[in-house]
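**Student:** Got a structure for you, model.pdb, holding PDB, C-alpha atoms.
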```pdb
ATOM      1  CA  MET X   6     -83.058  23.112 106.750
ATOM      2  CA  THR X   7     -79.910  24.373 108.446
ATOM      3  CA  GLU X   8     -77.519  25.995 105.975
ATOM      4  CA  LYS X   9     -74.241  24.172 105.523
ATOM      5  CA  TYR X  10     -70.847  25.738 104.861
ATOM      6  CA  ALA X  11     -67.455  24.260 104.293
ATOM      7  CA  VAL X  12     -66.013  26.666 106.861
ATOM      8  CA  VAL X  13     -67.402  29.130 109.370
ATOM      9  CA  VAL X  14     -64.958  31.803 110.480
ATOM     10  CA  ILE X  15     -65.785  33.270 113.888
ATOM     11  CA  GLY X  16     -64.330  36.767 114.061
ATOM     12  CA  GLY X  17     -63.817  39.253 111.253
ATOM     13  CA  GLY X  18     -60.555  40.945 112.151
ATOM     14  CA  ALA X  19     -57.275  40.577 110.280
ATOM     15  CA  ALA X  20     -56.971  36.855 111.087
ATOM     16  CA  GLY X  21     -60.545  35.963 110.236
ATOM     17  CA  LEU X  22     -60.676  37.955 107.015
ATOM     18  CA  SER X  23     -57.318  36.633 105.864
ATOM     19  CA  ALA X  24     -58.539  33.082 106.402
ATOM     20  CA  ALA X  25     -61.786  33.865 104.578
ATOM     21  CA  LEU X  26     -59.877  35.321 101.619
ATOM     22  CA  VAL X  27     -57.840  32.145 101.156
ATOM     23  CA  LEU X  28     -60.892  29.919 101.600
ATOM     24  CA  GLY X  29     -62.987  31.936  99.162
ATOM     25  CA  ARG X  30     -60.252  31.815  96.547
ATOM     26  CA  ALA X  31     -60.086  28.045  97.063
ATOM     27  CA  ARG X  32     -63.814  27.881  96.155
ATOM     28  CA  HIS X  33     -65.026  26.807  99.582
ATOM     29  CA  ARG X  34     -68.375  28.109 100.762
ATOM     30  CA  THR X  35     -67.388  30.275 103.716
ATOM     31  CA  LEU X  36     -69.284  32.337 106.273
ATOM     32  CA  VAL X  37     -67.680  35.003 108.480
ATOM     33  CA  ILE X  38     -69.591  35.901 111.654
ATOM     34  CA  ASP X  39     -68.191  39.047 113.220
ATOM     35  CA  ALA X  40     -69.317  40.884 116.349
ATOM     36  CA  GLY X  41     -67.573  44.067 115.168
ATOM     37  CA  GLU X  42     -65.327  44.614 118.202
ATOM     38  CA  PRO X  43     -61.720  44.681 116.936
ATOM     39  CA  ARG X  44     -59.038  45.024 119.582
ATOM     40  CA  ASN X  45     -57.355  47.946 117.797
ATOM     41  CA  ALA X  46     -60.539  49.992 117.369
ATOM     42  CA  PRO X  47     -59.310  52.788 119.711
ATOM     43  CA  ALA X  48     -56.237  53.409 117.533
ATOM     44  CA  ALA X  49     -56.359  56.003 114.763
ATOM     45  CA  HIS X  50     -53.748  54.182 112.698
ATOM     46  CA  MET X  51     -51.944  50.860 112.533
ATOM     47  CA  GLN X  52     -48.226  50.630 111.911
ATOM     48  CA  GLY X  53     -45.630  48.045 110.957
ATOM     49  CA  TYR X  54     -47.687  46.308 108.262
ATOM     50  CA  LEU X  55     -45.688  46.555 105.033
ATOM     51  CA  SER X  56     -47.628  48.560 102.388
ATOM     52  CA  ARG X  57     -50.354  49.368 104.948
ATOM     53  CA  ASP X  58     -48.282  51.382 107.418
ATOM     54  CA  GLY X  59     -50.350  54.226 108.886
ATOM     55  CA  MET X  60     -53.666  52.922 107.582
ATOM     56  CA  PRO X  61     -56.671  53.419 109.898
ATOM     57  CA  PRO X  62     -57.801  50.035 111.281
ATOM     58  CA  ALA X  63     -61.424  50.577 110.233
ATOM     59  CA  GLU X  64     -60.313  51.333 106.673
ATOM     60  CA  PHE X  65     -58.133  48.206 106.650
ATOM     61  CA  LEU X  66     -61.039  45.986 107.725
ATOM     62  CA  ALA X  67     -63.425  47.608 105.246
ATOM     63  CA  ALA X  68     -60.976  46.871 102.424
ATOM     64  CA  GLY X  69     -60.649  43.297 103.655
ATOM     65  CA  ARG X  70     -64.394  42.761 103.725
ATOM     66  CA  GLU X  71     -64.683  44.097 100.187
ATOM     67  CA  GLU X  72     -61.927  41.756  99.003
ATOM     68  CA  VAL X  73     -63.370  38.568 100.517
ATOM     69  CA  ALA X  74     -66.840  39.370  99.225
ATOM     70  CA  ARG X  75     -65.473  39.205  95.657
ATOM     71  CA  TYR X  76     -64.962  35.482  96.132
ATOM     72  CA  GLY X  77     -68.463  34.743  97.382
ATOM     73  CA  VAL X  78     -67.622  34.770 101.086
ATOM     74  CA  GLU X  79     -70.656  35.718 103.178
ATOM     75  CA  LEU X  80     -70.222  38.178 106.036
ATOM     76  CA  VAL X  81     -72.721  38.835 108.800
ATOM     77  CA  ARG X  82     -72.564  41.149 111.802
ATOM     78  CA  ASP X  83     -73.546  38.953 114.725
ATOM     79  CA  ARG X  84     -72.075  37.184 117.733
ATOM     80  CA  VAL X  85     -71.619  33.439 118.029
ATOM     81  CA  VAL X  86     -73.049  32.238 121.331
ATOM     82  CA  GLU X  87     -72.718  28.477 120.995
ATOM     83  CA  VAL X  88     -70.915  25.836 118.975
ATOM     84  CA  GLU X  89     -71.662  22.123 119.125
ATOM     85  CA  LYS X  90     -69.606  19.338 117.603
ATOM     86  CA  GLY X  91     -71.265  16.406 115.924
ATOM     87  CA  GLU X  92     -70.623  14.974 112.484
ATOM     88  CA  ASP X  93     -70.327  18.657 111.555
ATOM     89  CA  PHE X  94     -70.200  21.749 113.745
ATOM     90  CA  THR X  95     -73.422  23.584 114.571
ATOM     91  CA  VAL X  96     -72.869  27.302 115.046
ATOM     92  CA  VAL X  97     -75.566  29.398 116.739
ATOM     93  CA  SER X  98     -75.536  33.202 116.756
ATOM     94  CA  ALA X  99     -77.126  35.725 119.089
ATOM     95  CA  GLY X 100     -79.434  36.725 116.247
ATOM     96  CA  GLY X 101     -80.926  33.231 116.237
ATOM     97  CA  ARG X 102     -79.220  31.933 113.113
ATOM     98  CA  SER X 103     -78.011  28.324 113.163
ATOM     99  CA  VAL X 104     -75.637  26.967 110.521
ATOM    100  CA  ARG X 105     -73.502  23.882 110.020
ATOM    101  CA  ALA X 106     -69.831  23.835 109.126
ATOM    102  CA  ARG X 107     -67.336  21.124 108.282
ATOM    103  CA  ARG X 108     -64.474  23.155 109.725
ATOM    104  CA  LEU X 109     -64.110  26.175 112.019
ATOM    105  CA  VAL X 110     -61.671  29.045 112.294
ATOM    106  CA  VAL X 111     -61.877  30.787 115.678
ATOM    107  CA  ALA X 112     -60.443  34.302 115.453
ATOM    108  CA  THR X 113     -62.246  35.885 118.401
ATOM    109  CA  GLY X 114     -59.215  37.826 119.667
ATOM    110  CA  LEU X 115     -58.947  39.270 123.140
ATOM    111  CA  LYS X 116     -60.075  42.231 125.203
ATOM    112  CA  ASP X 117     -57.813  44.704 126.975
ATOM    113  CA  GLU X 118     -58.713  45.536 130.574
ATOM    114  CA  LEU X 119     -57.101  48.853 131.465
ATOM    115  CA  PRO X 120     -55.891  50.051 134.866
ATOM    116  CA  ALA X 121     -58.658  51.776 136.822
ATOM    117  CA  VAL X 122     -56.971  55.174 136.816
ATOM    118  CA  PRO X 123     -59.154  58.155 135.824
ATOM    119  CA  GLY X 124     -58.283  59.235 132.298
ATOM    120  CA  VAL X 125     -56.592  56.035 131.122
ATOM    121  CA  ALA X 126     -59.581  54.454 129.364
ATOM    122  CA  GLU X 127     -60.689  57.764 127.863
ATOM    123  CA  ARG X 128     -57.313  58.375 126.232
ATOM    124  CA  PHE X 129     -56.368  54.812 125.318
ATOM    125  CA  GLY X 130     -55.175  54.592 121.732
ATOM    126  CA  ARG X 131     -54.475  58.328 121.587
ATOM    127  CA  ASP X 132     -51.779  59.385 124.041
ATOM    128  CA  VAL X 133     -52.226  56.434 126.402
ATOM    129  CA  LEU X 134     -50.591  53.531 124.587
ATOM    130  CA  HIS X 135     -49.405  49.993 125.206
ATOM    131  CA  CYS X 136     -47.186  49.007 122.265
ATOM    132  CA  PRO X 137     -44.089  50.995 121.270
ATOM    133  CA  PHE X 138     -43.792  49.024 118.040
ATOM    134  CA  CYS X 139     -47.300  50.215 117.126
ATOM    135  CA  HIS X 140     -46.967  53.863 118.183
ATOM    136  CA  GLY X 141     -43.420  54.604 119.321
ATOM    137  CA  TRP X 142     -42.319  56.376 116.144
ATOM    138  CA  GLU X 143     -45.329  58.700 116.190
ATOM    139  CA  VAL X 144     -44.590  59.906 119.740
ATOM    140  CA  ARG X 145     -40.787  59.711 119.638
ATOM    141  CA  ASP X 146     -38.717  62.077 121.780
ATOM    142  CA  GLN X 147     -41.704  63.239 123.840
ATOM    143  CA  PRO X 148     -41.811  62.994 127.646
ATOM    144  CA  PHE X 149     -42.980  59.426 128.347
ATOM    145  CA  GLY X 150     -44.586  57.946 131.400
ATOM    146  CA  VAL X 151     -45.006  54.235 132.045
ATOM    147  CA  LEU X 152     -47.780  53.199 134.413
ATOM    148  CA  ALA X 153     -46.852  49.939 136.110
ATOM    149  CA  THR X 154     -49.455  47.193 136.295
ATOM    150  CA  GLY X 155     -47.040  44.655 137.802
ATOM    151  CA  PRO X 156     -43.329  43.868 138.105
ATOM    152  CA  ALA X 157     -43.275  42.810 134.421
ATOM    153  CA  SER X 158     -43.910  46.463 133.509
ATOM    154  CA  VAL X 159     -40.177  46.993 133.975
ATOM    155  CA  HIS X 160     -39.723  45.413 130.545
ATOM    156  CA  GLN X 161     -42.139  47.923 129.012
ATOM    157  CA  ALA X 162     -40.303  50.836 130.623
ATOM    158  CA  LEU X 163     -37.007  49.568 129.246
ATOM    159  CA  MET X 164     -38.438  49.014 125.773
ATOM    160  CA  VAL X 165     -39.958  52.470 125.374
ATOM    161  CA  SER X 166     -36.631  54.070 126.286
ATOM    162  CA  GLN X 167     -35.587  53.340 122.702
ATOM    163  CA  TRP X 168     -38.079  55.965 121.495
ATOM    164  CA  SER X 169     -37.487  58.638 124.140
ATOM    165  CA  LYS X 170     -34.714  59.476 126.571
ATOM    166  CA  ASP X 171     -37.177  61.166 128.937
ATOM    167  CA  VAL X 172     -38.982  58.260 130.603
ATOM    168  CA  ARG X 173     -40.527  58.115 134.084
ATOM    169  CA  PHE X 174     -41.663  54.784 135.461
ATOM    170  CA  PHE X 175     -44.639  55.258 137.804
ATOM    171  CA  LEU X 176     -44.717  52.299 140.167
ATOM    172  CA  HIS X 177     -48.371  53.030 141.078
ATOM    173  CA  THR X 178     -49.447  49.995 143.154
ATOM    174  CA  VAL X 179     -46.159  48.121 142.688
ATOM    175  CA  ALA X 180     -43.847  48.326 145.686
ATOM    176  CA  GLU X 181     -40.271  49.275 144.924
ATOM    177  CA  GLU X 182     -39.152  46.158 146.822
ATOM    178  CA  GLU X 183     -40.846  44.038 144.150
ATOM    179  CA  LEU X 184     -38.226  45.165 141.640
ATOM    180  CA  SER X 185     -35.066  43.117 141.542
ATOM    181  CA  ASP X 186     -31.600  44.619 141.768
ATOM    182  CA  GLU X 187     -31.119  43.695 138.130
ATOM    183  CA  ASP X 188     -34.341  45.575 137.225
ATOM    184  CA  LEU X 189     -33.112  48.694 139.021
ATOM    185  CA  ARG X 190     -29.682  48.525 137.411
ATOM    186  CA  ARG X 191     -31.167  48.175 133.942
ATOM    187  CA  LEU X 192     -33.618  51.027 134.514
ATOM    188  CA  ALA X 193     -30.764  53.238 135.656
ATOM    189  CA  ALA X 194     -28.648  52.241 132.661
ATOM    190  CA  ALA X 195     -31.536  53.116 130.324
ATOM    191  CA  GLY X 196     -31.946  56.502 132.002
ATOM    192  CA  VAL X 197     -35.455  55.668 133.261
ATOM    193  CA  ASP X 198     -36.517  57.553 136.397
ATOM    194  CA  VAL X 199     -38.403  55.386 138.902
ATOM    195  CA  VAL X 200     -41.263  57.250 140.603
ATOM    196  CA  PRO X 201     -42.772  55.591 143.709
ATOM    197  CA  GLY X 202     -46.308  56.392 144.780
ATOM    198  CA  GLU X 203     -49.798  55.657 143.542
ATOM    199  CA  VAL X 204     -51.162  57.488 140.488
ATOM    200  CA  ALA X 205     -54.422  59.325 141.182
ATOM    201  CA  GLU X 206     -55.330  60.575 137.707
ATOM    202  CA  LEU X 207     -54.158  61.780 134.332
ATOM    203  CA  VAL X 208     -54.133  65.513 133.646
ATOM    204  CA  THR X 209     -55.377  66.823 130.310
ATOM    205  CA  GLU X 210     -55.577  70.234 128.687
ATOM    206  CA  ASP X 211     -57.209  71.039 125.345
ATOM    207  CA  ASP X 212     -57.961  67.346 124.814
ATOM    208  CA  ARG X 213     -54.364  66.184 125.179
ATOM    209  CA  LEU X 214     -52.404  64.532 127.955
ATOM    210  CA  THR X 215     -50.215  66.957 129.848
ATOM    211  CA  GLY X 216     -49.380  65.193 133.085
ATOM    212  CA  VAL X 217     -49.687  62.441 135.660
ATOM    213  CA  ARG X 218     -50.831  63.338 139.183
ATOM    214  CA  LEU X 219     -49.995  61.163 142.182
ATOM    215  CA  THR X 220     -52.194  60.727 145.248
ATOM    216  CA  ASP X 221     -49.858  62.992 147.234
ATOM    217  CA  GLY X 222     -50.657  65.801 144.794
ATOM    218  CA  THR X 223     -47.338  65.699 142.948
ATOM    219  CA  ARG X 224     -47.738  66.367 139.236
ATOM    220  CA  HIS X 225     -45.337  65.096 136.582
ATOM    221  CA  ALA X 226     -45.484  66.724 133.164
ATOM    222  CA  ARG X 227     -45.889  63.957 130.564
ATOM    223  CA  SER X 228     -47.387  63.973 127.078
ATOM    224  CA  VAL X 229     -47.456  60.188 126.509
ATOM    225  CA  LEU X 230     -48.273  57.348 128.892
ATOM    226  CA  PHE X 231     -47.592  53.677 128.211
ATOM    227  CA  THR X 232     -49.281  50.958 130.214
ATOM    228  CA  ALA X 233     -49.859  47.227 129.865
ATOM    229  CA  PRO X 234     -53.542  46.241 129.889
ATOM    230  CA  ARG X 235     -54.648  42.946 131.354
ATOM    231  CA  ALA X 236     -55.284  40.610 128.433
ATOM    232  CA  VAL X 237     -58.561  38.695 128.517
ATOM    233  CA  PRO X 238     -58.528  36.026 125.769
ATOM    234  CA  GLN X 239     -61.927  35.448 124.161
ATOM    235  CA  THR X 240     -61.547  31.679 124.194
ATOM    236  CA  GLY X 241     -64.847  30.660 125.761
ATOM    237  CA  LEU X 242     -66.065  28.901 122.606
ATOM    238  CA  LEU X 243     -62.835  26.937 122.340
ATOM    239  CA  GLY X 244     -63.093  25.913 125.965
ATOM    240  CA  ARG X 245     -66.646  24.675 125.536
ATOM    241  CA  LEU X 246     -65.566  22.652 122.504
ATOM    242  CA  GLY X 247     -63.001  20.943 124.701
ATOM    243  CA  ALA X 248     -59.866  22.533 123.279
ATOM    244  CA  GLU X 249     -56.825  22.171 125.485
ATOM    245  CA  LEU X 250     -55.662  25.516 126.873
ATOM    246  CA  HIS X 251     -52.298  26.457 128.344
ATOM    247  CA  GLU X 252     -51.699  29.154 130.920
ATOM    248  CA  THR X 253     -49.429  32.093 130.132
ATOM    249  CA  PRO X 254     -48.686  35.345 131.998
ATOM    250  CA  PHE X 255     -51.241  36.914 129.648
ATOM    251  CA  GLY X 256     -54.101  34.453 130.065
ATOM    252  CA  ALA X 257     -55.057  30.982 128.861
ATOM    253  CA  TYR X 258     -54.697  30.285 125.139
ATOM    254  CA  PRO X 259     -55.360  27.174 123.051
ATOM    255  CA  VAL X 260     -52.649  24.651 122.347
ATOM    256  CA  VAL X 261     -52.129  24.770 118.569
ATOM    257  CA  ASP X 262     -49.780  23.330 115.984
ATOM    258  CA  ALA X 263     -47.841  25.351 113.406
ATOM    259  CA  THR X 264     -50.992  25.871 111.308
ATOM    260  CA  GLY X 265     -53.218  26.932 114.211
ATOM    261  CA  LEU X 266     -54.976  23.553 114.551
ATOM    262  CA  THR X 267     -56.263  23.120 118.101
ATOM    263  CA  THR X 268     -56.582  19.827 119.952
ATOM    264  CA  VAL X 269     -60.173  19.604 118.671
ATOM    265  CA  PRO X 270     -60.163  18.021 115.191
ATOM    266  CA  GLY X 271     -61.524  20.437 112.612
ATOM    267  CA  VAL X 272     -61.028  23.564 114.719
ATOM    268  CA  TRP X 273     -58.294  26.095 113.965
ATOM    269  CA  ALA X 274     -57.514  29.297 115.873
ATOM    270  CA  ALA X 275     -55.685  32.409 114.686
ATOM    271  CA  GLY X 276     -54.768  35.958 115.682
ATOM    272  CA  ASN X 277     -55.015  37.131 119.281
ATOM    273  CA  ALA X 278     -57.103  34.035 120.023
ATOM    274  CA  VAL X 279     -53.778  32.171 120.145
ATOM    275  CA  GLY X 280     -51.569  34.761 121.823
ATOM    276  CA  PHE X 281     -51.333  38.196 123.393
ATOM    277  CA  SER X 282     -48.628  39.646 121.155
ATOM    278  CA  GLU X 283     -50.077  38.938 117.712
ATOM    279  CA  GLN X 284     -49.914  42.200 115.729
ATOM    280  CA  VAL X 285     -52.132  42.786 112.697
ATOM    281  CA  VAL X 286     -49.518  41.451 110.299
ATOM    282  CA  HIS X 287     -49.060  38.306 112.427
ATOM    283  CA  ALA X 288     -52.816  37.799 112.698
ATOM    284  CA  ALA X 289     -53.241  38.017 108.934
ATOM    285  CA  SER X 290     -50.442  35.504 108.453
ATOM    286  CA  GLY X 291     -51.985  33.151 111.013
ATOM    287  CA  GLY X 292     -55.335  33.301 109.249
ATOM    288  CA  TYR X 293     -53.657  32.481 105.946
ATOM    289  CA  ARG X 294     -51.830  29.478 107.443
ATOM    290  CA  ALA X 295     -55.001  28.128 109.032
ATOM    291  CA  ALA X 296     -57.014  28.475 105.846
ATOM    292  CA  SER X 297     -54.407  26.828 103.635
ATOM    293  CA  ALA X 298     -54.238  23.906 106.068
ATOM    294  CA  ILE X 299     -58.026  23.601 106.004
ATOM    295  CA  VAL X 300     -58.072  23.543 102.192
ATOM    296  CA  GLY X 301     -55.660  20.620 102.215
ATOM    297  CA  ASP X 302     -57.524  18.872 105.034
ATOM    298  CA  LEU X 303     -60.878  19.074 103.269
ATOM    299  CA  LEU X 304     -59.345  17.897  99.986
ATOM    300  CA  MET X 305     -57.751  14.819 101.529
ATOM    301  CA  THR X 306     -60.868  14.021 103.553
ATOM    302  CA  ASP X 307     -63.020  14.089 100.424
ATOM    303  CA  LEU X 308     -60.521  12.099  98.343
ATOM    304  CA  ASP X 309     -60.236   9.424 101.031
ATOM    305  CA  ALA X 310     -64.037   9.183 101.186
ATOM    306  CA  ALA X 311     -64.183   8.772  97.398
ATOM    307  CA  VAL X 312     -61.563   6.011  97.529
ATOM    308  CA  ARG X 313     -63.576   4.168 100.183
ATOM    309  CA  ARG X 314     -66.732   4.419  98.084
ATOM    310  CA  GLN X 315     -64.925   3.095  95.051
ATOM    311  CA  SER X 316     -63.447   0.235  97.045
ATOM    312  CA  SER X 317     -66.825  -0.831  98.388
ATOM    313  CA  ALA X 318     -68.642  -0.570  95.035
TER     314      ALA X 318
END
```
Since I need it in another form, could you write the structure as structure tokens?
**Tutor:**
Amino acid sequence: MTEKYAVVVIGGGAAGLSAALVLGRARHRTLVIDAGEPRNAPAAHMQGYLSRDGMPPAEFLAAGREEVARYGVELVRDRVVEVEKGEDFTVVSAGGRSVRARRLVVATGLKDELPAVPGVAERFGRDVLHCPFCHGWEVRDQPFGVLATGPASVHQALMVSQWSKDVRFFLHTVAEEELSDEDLRRLAAAGVDVVPGEVAELVTEDDRLTGVRLTDGTRHARSVLFTAPRAVPQTGLLGRLGAELHETPFGAYPVVDATGLTTVPGVWAAGNAVGFSEQVVHAASGGYRAASAIVGDLLMTDLDAAVRRQSSA
């Protein structure tokens, strides 16, 4: 017979594990299915999480898995390939396992698609970065570059100027005419140098970034490069369940309430599955909120069922 759980959590990052911790402590039989592909895997450390500042992401997740296991939560390394909604949810994994769940938490995150510039993918998370809040302190006062991926990259160039006063904004494939007068005035006020021309490659020496080379051969000495990846939300399962999605500049994400409940009854979402800018601390908080809502939902559902049985006896 198909195993039945109170809750199946799809995704074992900060959001999924946080939800599983709350559910396990509330004595609900919970299964976490995790494909093992956290968004922050390229980073050596995570920052901005009170009491965990500077902790390696892999170490953080290992500690989380150990904690949830204390409360009887089951964890498996696998990928969910299909979910069907009936009286309960049927969850099918790539490994061939099929389980039932009364409620779901979808914490499948997103993938970052990087600009196709030689050297960017190889150095991402080291000296090619995307978030100054995550890494700005560690690289402060170094020569920064910002590789534009669209007109919105102006905001990134302005933001990183708080961590270094030596910032060059490489327009790459963005035409200078695409920048507004206000953009140019703000960049000038922040002391950001705008560099037209397409970037050909990153230059490295002794396994560290030393420069940015343009297609015309010009080389700019830089030791840090910021760029904004294209966010690809991993919301396929939610879409197939019929969850309503809304378009944002960073992809389509599910419509959720304050607890993470989607428009599909019984399905919650948390972490980067609900938005591009969720940091680890936000993801953990979102998982907690979803799980606490589920605990209350299951309690009231069961109590109402008991009242109906008593009334009909």
**Student:** Select from region 220-286 of chain X every residue with an atom at most 6 Å from any atom of region 99-113 of chain X, then for each give the shortest pair of atoms and their distance in Å to one decimal, using all atoms listed in the file, rows by chain and rising number, as a tab-separated table.
**Tutor:**
```
residue	atom	partner	partner_atom	distance
X:Gln239	CA	X:Thr113	CA	5.8
X:Gly271	CA	X:Arg108	CA	4.9
X:Val272	CA	X:Leu109	CA	4.9
X:Trp273	CA	X:Val110	CA	4.8
X:Ala274	CA	X:Val111	CA	4.6
X:Ala275	CA	X:Ala112	CA	5.2
X:Gly276	CA	X:Ala112	CA	5.9
X:Ala278	CA	X:Ala112	CA	5.7
```
**Student:** How far is it from CA of Leu219 (chain X) to CA of Gly155 (chain X), in Å with one decimal?
**Tutor:**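 Computed distance, CA of Leu219 (chain X) to CA of Gly155 (chain X), equals 17.3 Å.
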**Student:** Find the residue from X:Gln167, X:Asn45, X:Thr264, X:Ser158 that sits nearest to Gly130 (chain X); use only C-alpha atoms when measuring.
**Tutor:**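 Smallest separation from Gly130 (chain X) among the options: X:Asn45.
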**Student:** Check the smallest atom-to-atom distance from each of X:Arg235, X:Arg44, X:His287, X:Lys170 to Ala194 (chain X) using only C-alpha atoms, then report the winner.
**Tutor:**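 Selected residue with least distance to Ala194 (chain X): X:Lys170.
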**Student:** Counting all atoms listed in the file, figure out which residue out of X:Ala295, X:Ala248, X:Val97, X:Ala153 gets nearest to Val179 (chain X).
**Tutor:**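 Ranked by minimum distance to Val179 (chain X), first place goes to X:Ala153.
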**Student:** Using only C-alpha atoms for the distances, tell me which of X:Cys139, X:Val260, X:Ala121, X:Val229 is nearest to Gly59 (chain X).
**Tutor:**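 Closest candidate: X:Cys139.
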**Student:** Nearest residue to Leu214 (chain X) out of X:Met164, X:Ala233, X:Val197, X:Val125, using all atoms listed in the file?
**Tutor:** X:Val125
